[in-house]
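Colleague: Once you've had a glance at the structure underneath, I'll fire off some questions.
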Amino acid sequence: MRLQDKVCIITGAGSGIGRTAAELFAKEGATVIACDVGDAVYDDPKIHFYKLDVTDRAKIAEVVKEVVEKFGKIDVLVNNAGITRDALIQKMTEEDWDRVINVNLKGVFNMTQAVVPYMLEAGKGSIVSTSSVVGIYGNIGQTNYAATKAGIIGMTKTWAKEFARKGAKIRVNAVAPGFIRTPMTEKVPEKILTEMAEKASLKRLGEAIEVANVYLFLASDESSYVTGQVIGVDGGLIM
Ligand code: NAP
């Protein structure tokens with residue numbers, strides 16, 4: 001099994017890609033700490049649910065401490081939680097800007113800052129954060145979201161340098177999905193989704209498992225020489 005005995009935290013694990021990843025990681029032998037702002041129930045006893053909002057720094061500190069006390073370590077952090085509040089900039093409210101920045105960008109900062117001391121102490125670990133093709137190429141109506149997803153790439157490369165100093169072997173990578181069928185894209189009009197599917201070389205949308213499989217590779221020791229990278233999972237949407 002590819003994650004045997006690893007303790008993995010996944011944020012936004014209540015639905016979509018995060019939930020699929022939690023189930024996949026558990027199947028691959030991991031103890032999964034599945035965090036979400038909403039409620040979630042899982043069949044697999046290796047998945048432990050924690051109700052956690054990635055904007056709540058006090059609660060993050062509490063959960064991370066509890067996880068280390070209970071499970072002894074943290075091997076993997078998957079910063080998967082993310083939201084959209086789309087509008088053209090002329091119509092984007094300050095509240096929508098702030099909320100998306102707080103969850104998608106500051107949430108990744110909050111989680112990583114809380115977890116990395118334990119990884120540094122252990123001298124190893126893998127951090128995977130979810131960016132998007134939108135963070136690289138932009139998208140109409142997504143000023144806030146694109147800013148966060150581009151910011152994740154900057155943080156990923158910075159941390160790949162910072163966390164590898166003094167002999168530490170902490171790898172930090174990002175995944176940039178294209179358009180994936182999840183509750184998030186249910187809000188997107190079918191006409192746009194069909195257009196996006198047509199634009200991809202593979203002529204279809206992606207499935208949550210296809211992103212989760214890349215999380216799995218980056219979380220596992222199979223990617224032991226991969227760090228500071230942004231891996232596209234977009235069916236060839238953008239090349
Ligand atoms: P999703 O189905 O909406 O799942 C996101 C999960 O994050 C939900 O369970 C949500 O909970 C949770 N969440 C929201 N705010 C949170 C917070 N403050 N703290 C903790 N959890 C929170 O979306 P998805 O499509 O699986 O997206 C997963 C990641 O992939 C996101 O970062 C997204 O930006 C990225 N992504 C997705 C696509 C795509 O096409 N689907 C493309 C590129 C990138 P609630 O449902 O209770 O709010």
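Chains: A, B, ... in order of the structure tokens. Residues: from 1 per chain. Ligands: from 1, in order shown.
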Check every protein, DNA and RNA residue against ligand 1, keep those with an atom at most 8 Å away (counting only C-alpha atoms and all ligand atoms), and present them as number ranges by chain.

Modeller: A: 11-19, 35-39, 51-55, 79-84, 102-104, 107, 129-134, 145, 149, 176-185, 206, 208

Colleague: Per DSSP on the backbone, filter range 41-90 of chain A down to the residues in alpha helix (DSSP H) and report them as a compact mmCIF listing (two decimals) with all heavy atoms, in the first residue's frame.

Modeller:
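New file result_19.txt:
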```
# COMPACT_ATOMS: atom_id res chain seq x y z
N ARG A 57 -7.91 29.97 13.21
CA ARG A 57 -6.54 29.64 13.61
C ARG A 57 -6.47 28.96 14.99
O ARG A 57 -5.65 28.06 15.21
CB ARG A 57 -5.66 30.90 13.59
CG ARG A 57 -5.37 31.36 12.15
CD ARG A 57 -4.64 32.69 12.11
NE ARG A 57 -3.35 32.68 12.79
CZ ARG A 57 -2.20 32.28 12.22
NH1 ARG A 57 -2.19 31.87 10.97
NH2 ARG A 57 -1.08 32.32 12.91
N ALA A 58 -7.34 29.39 15.90
CA ALA A 58 -7.32 28.80 17.25
C ALA A 58 -7.73 27.32 17.18
O ALA A 58 -7.09 26.45 17.78
CB ALA A 58 -8.26 29.57 18.17
N LYS A 59 -8.76 27.05 16.41
CA LYS A 59 -9.25 25.66 16.28
C LYS A 59 -8.23 24.79 15.53
O LYS A 59 -8.03 23.62 15.87
CB LYS A 59 -10.60 25.69 15.53
CG LYS A 59 -11.24 24.36 15.34
CD LYS A 59 -11.91 23.84 16.59
CE LYS A 59 -12.50 22.47 16.35
NZ LYS A 59 -13.01 21.82 17.54
N ILE A 60 -7.55 25.40 14.54
CA ILE A 60 -6.52 24.64 13.80
C ILE A 60 -5.43 24.19 14.77
O ILE A 60 -5.01 23.02 14.76
CB ILE A 60 -5.92 25.51 12.66
CG1 ILE A 60 -6.93 25.74 11.54
CG2 ILE A 60 -4.65 24.85 12.08
CD1 ILE A 60 -6.51 26.76 10.49
N ALA A 61 -4.98 25.12 15.61
CA ALA A 61 -3.92 24.80 16.58
C ALA A 61 -4.36 23.65 17.48
O ALA A 61 -3.60 22.70 17.75
CB ALA A 61 -3.57 26.04 17.40
N GLU A 62 -5.61 23.72 17.92
CA GLU A 62 -6.19 22.69 18.81
C GLU A 62 -6.23 21.32 18.09
O GLU A 62 -5.79 20.30 18.65
CB GLU A 62 -7.63 23.14 19.09
CG GLU A 62 -8.26 22.64 20.35
CD GLU A 62 -9.68 23.20 20.40
OE1 GLU A 62 -9.85 24.42 20.66
OE2 GLU A 62 -10.61 22.42 20.16
N VAL A 63 -6.73 21.31 16.86
CA VAL A 63 -6.87 20.05 16.11
C VAL A 63 -5.50 19.45 15.81
O VAL A 63 -5.28 18.25 16.01
CB VAL A 63 -7.69 20.26 14.80
CG1 VAL A 63 -7.57 19.06 13.88
CG2 VAL A 63 -9.15 20.53 15.13
N VAL A 64 -4.57 20.28 15.37
CA VAL A 64 -3.24 19.76 14.99
C VAL A 64 -2.55 19.15 16.24
O VAL A 64 -1.96 18.06 16.16
CB VAL A 64 -2.39 20.89 14.35
CG1 VAL A 64 -0.92 20.49 14.24
CG2 VAL A 64 -2.94 21.25 12.97
N LYS A 65 -2.68 19.83 17.36
CA LYS A 65 -2.09 19.32 18.61
C LYS A 65 -2.72 17.97 18.99
O LYS A 65 -2.02 17.01 19.32
CB LYS A 65 -2.32 20.36 19.72
CG LYS A 65 -1.59 20.10 21.01
CD LYS A 65 -1.60 21.36 21.88
CE LYS A 65 -1.08 21.05 23.25
NZ LYS A 65 -2.10 20.55 24.18
N GLU A 66 -4.04 17.91 18.88
CA GLU A 66 -4.76 16.69 19.23
C GLU A 66 -4.35 15.53 18.30
O GLU A 66 -4.17 14.40 18.75
CB GLU A 66 -6.27 16.96 19.11
CG GLU A 66 -7.11 15.90 19.80
CD GLU A 66 -8.61 16.16 19.62
OE1 GLU A 66 -9.04 17.32 19.79
OE2 GLU A 66 -9.32 15.19 19.31
N VAL A 67 -4.19 15.84 17.02
CA VAL A 67 -3.81 14.81 16.05
C VAL A 67 -2.43 14.24 16.40
O VAL A 67 -2.22 13.02 16.41
CB VAL A 67 -3.82 15.38 14.60
CG1 VAL A 67 -3.13 14.43 13.62
CG2 VAL A 67 -5.25 15.64 14.14
N VAL A 68 -1.50 15.13 16.73
CA VAL A 68 -0.14 14.66 17.06
C VAL A 68 -0.17 13.85 18.36
O VAL A 68 0.49 12.80 18.46
CB VAL A 68 0.85 15.85 17.14
CG1 VAL A 68 2.20 15.38 17.64
CG2 VAL A 68 0.99 16.52 15.78
N GLU A 69 -0.96 14.30 19.34
CA GLU A 69 -1.06 13.54 20.60
C GLU A 69 -1.66 12.15 20.37
O GLU A 69 -1.20 11.16 20.91
CB GLU A 69 -1.92 14.32 21.61
CG GLU A 69 -1.11 15.40 22.32
CD GLU A 69 -1.99 16.40 23.07
OE1 GLU A 69 -3.22 16.16 23.21
OE2 GLU A 69 -1.43 17.42 23.51
N LYS A 70 -2.68 12.10 19.53
CA LYS A 70 -3.42 10.86 19.31
C LYS A 70 -2.72 9.90 18.35
O LYS A 70 -2.69 8.69 18.57
CB LYS A 70 -4.80 11.21 18.74
CG LYS A 70 -5.88 10.25 19.09
CD LYS A 70 -7.24 10.88 18.84
CE LYS A 70 -8.30 9.82 18.80
NZ LYS A 70 -9.60 10.35 18.42
N PHE A 71 -2.17 10.47 17.25
CA PHE A 71 -1.62 9.60 16.19
C PHE A 71 -0.09 9.67 16.09
O PHE A 71 0.51 8.98 15.27
CB PHE A 71 -2.26 9.95 14.84
CG PHE A 71 -3.77 9.80 14.85
CD1 PHE A 71 -4.59 10.92 14.96
CD2 PHE A 71 -4.37 8.55 14.78
CE1 PHE A 71 -5.97 10.79 14.99
CE2 PHE A 71 -5.75 8.42 14.81
CZ PHE A 71 -6.56 9.54 14.92
```

Colleague: Could you find all residues in range 17-192 of chain A that DSSP calls strand (DSSP E) from the backbone, and write them as a PyMOL selection string?

Modeller: chain A and resi 31-36+47-51+76-79+124-130+169-177+180-181

Colleague: In Å, with one decimal, what is the gap from CA of Arg99 in chain A to CA of Asn144 in chain A?

Modeller: 8.9 Å

Colleague: Can you write out as a Markdown table which residues of range 104-151 of chain A fall within 8 Å of range 211-231 of chain A, alongside each residue's closest atom pair and its distance in Å to one decimal, counting only C-alpha atoms and ordering rows by chain and ascending residue number?

Modeller:
```
| residue | atom | partner | partner_atom | distance |
| --- | --- | --- | --- | --- |
| A:Ser126 | CA | A:Ala219 | CA | 5.6 |
| A:Ile127 | CA | A:Ala219 | CA | 7.2 |
| A:Val128 | CA | A:Tyr215 | CA | 6.8 |
```

Colleague: I'd like to know which of A:Lys157, A:Lys91, A:Lys106, A:Arg171 is closest to Met119 in chain A, using only C-alpha atoms.

Modeller: A:Arg171

Colleague: Which residue out of A:Met111, A:Ala21, A:Ala146, A:Leu120 has the minimum interatomic distance to Asp75 in chain A when only C-alpha atoms are used?

Modeller: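 Of A:Met111, A:Ala21, A:Ala146, A:Leu120, the one nearest Asp75 in chain A, counting only C-alpha atoms, is A:Leu120.
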
Colleague: What separation in Å, quoted to one decimal, exists between CA of Val115 in chain A and CA of Ile74 in chain A?

Modeller: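 A separation of 7.4 Å between them.
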
Colleague: Taking only C-alpha atoms into account, which of A:Gly135, A:Gly123, A:Gly141, A:Gly72 comes nearest Ala168 in chain A?

Modeller: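 Of A:Gly135, A:Gly123, A:Gly141, A:Gly72, the one nearest Ala168 in chain A is A:Gly123, counting only C-alpha atoms.
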
Colleague: Using only C-alpha atoms for the distances, tell me which of A:Leu193, A:Ala200, A:Val78, A:Ala160 is nearest to Val175 in chain A.

Modeller: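 Closest candidate: A:Val78.
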
Colleague: For Gln142 in chain A, which residue out of A:Arg85, A:Arg204, A:Lys124, A:Lys191 is the nearest one, using only C-alpha atoms?

Modeller: A:Arg85

Colleague: Would you pick out the contacts of Ile238 in chain A at 9 Å or less, using only C-alpha atoms, so that residues sharing its chain but fewer than 2 positions from it are not included, and give the list as a list in words?

Modeller: Val133, Tyr137, Gly178, Lys199, Ala200, Ser201, Gly232, Asp234, Gly235 and Gly236 of chain A

Colleague: Print the selection's residues with C-alpha atoms to a file, as a PDB file, in the first residue's frame.

Modeller:
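Wrote part03.pdb, looks like this:
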```pdb
ATOM      1  CA  VAL A 133      -5.480  26.306 -14.086  1.00  0.00           C
ATOM      2  CA  TYR A 137      -4.054  31.526 -16.915  1.00  0.00           C
ATOM      3  CA  GLY A 178      -8.839  21.995 -14.884  1.00  0.00           C
ATOM      4  CA  LYS A 199     -11.354  22.837 -25.111  1.00  0.00           C
ATOM      5  CA  ALA A 200      -9.545  20.024 -23.293  1.00  0.00           C
ATOM      6  CA  SER A 201      -7.441  17.748 -25.514  1.00  0.00           C
ATOM      7  CA  GLY A 232      -1.643  20.134 -14.079  1.00  0.00           C
ATOM      8  CA  ASP A 234      -6.673  19.298 -16.828  1.00  0.00           C
ATOM      9  CA  GLY A 235      -6.966  16.818 -19.684  1.00  0.00           C
ATOM     10  CA  GLY A 236      -4.707  19.016 -21.782  1.00  0.00           C
TER      11      GLY A 236
END
```
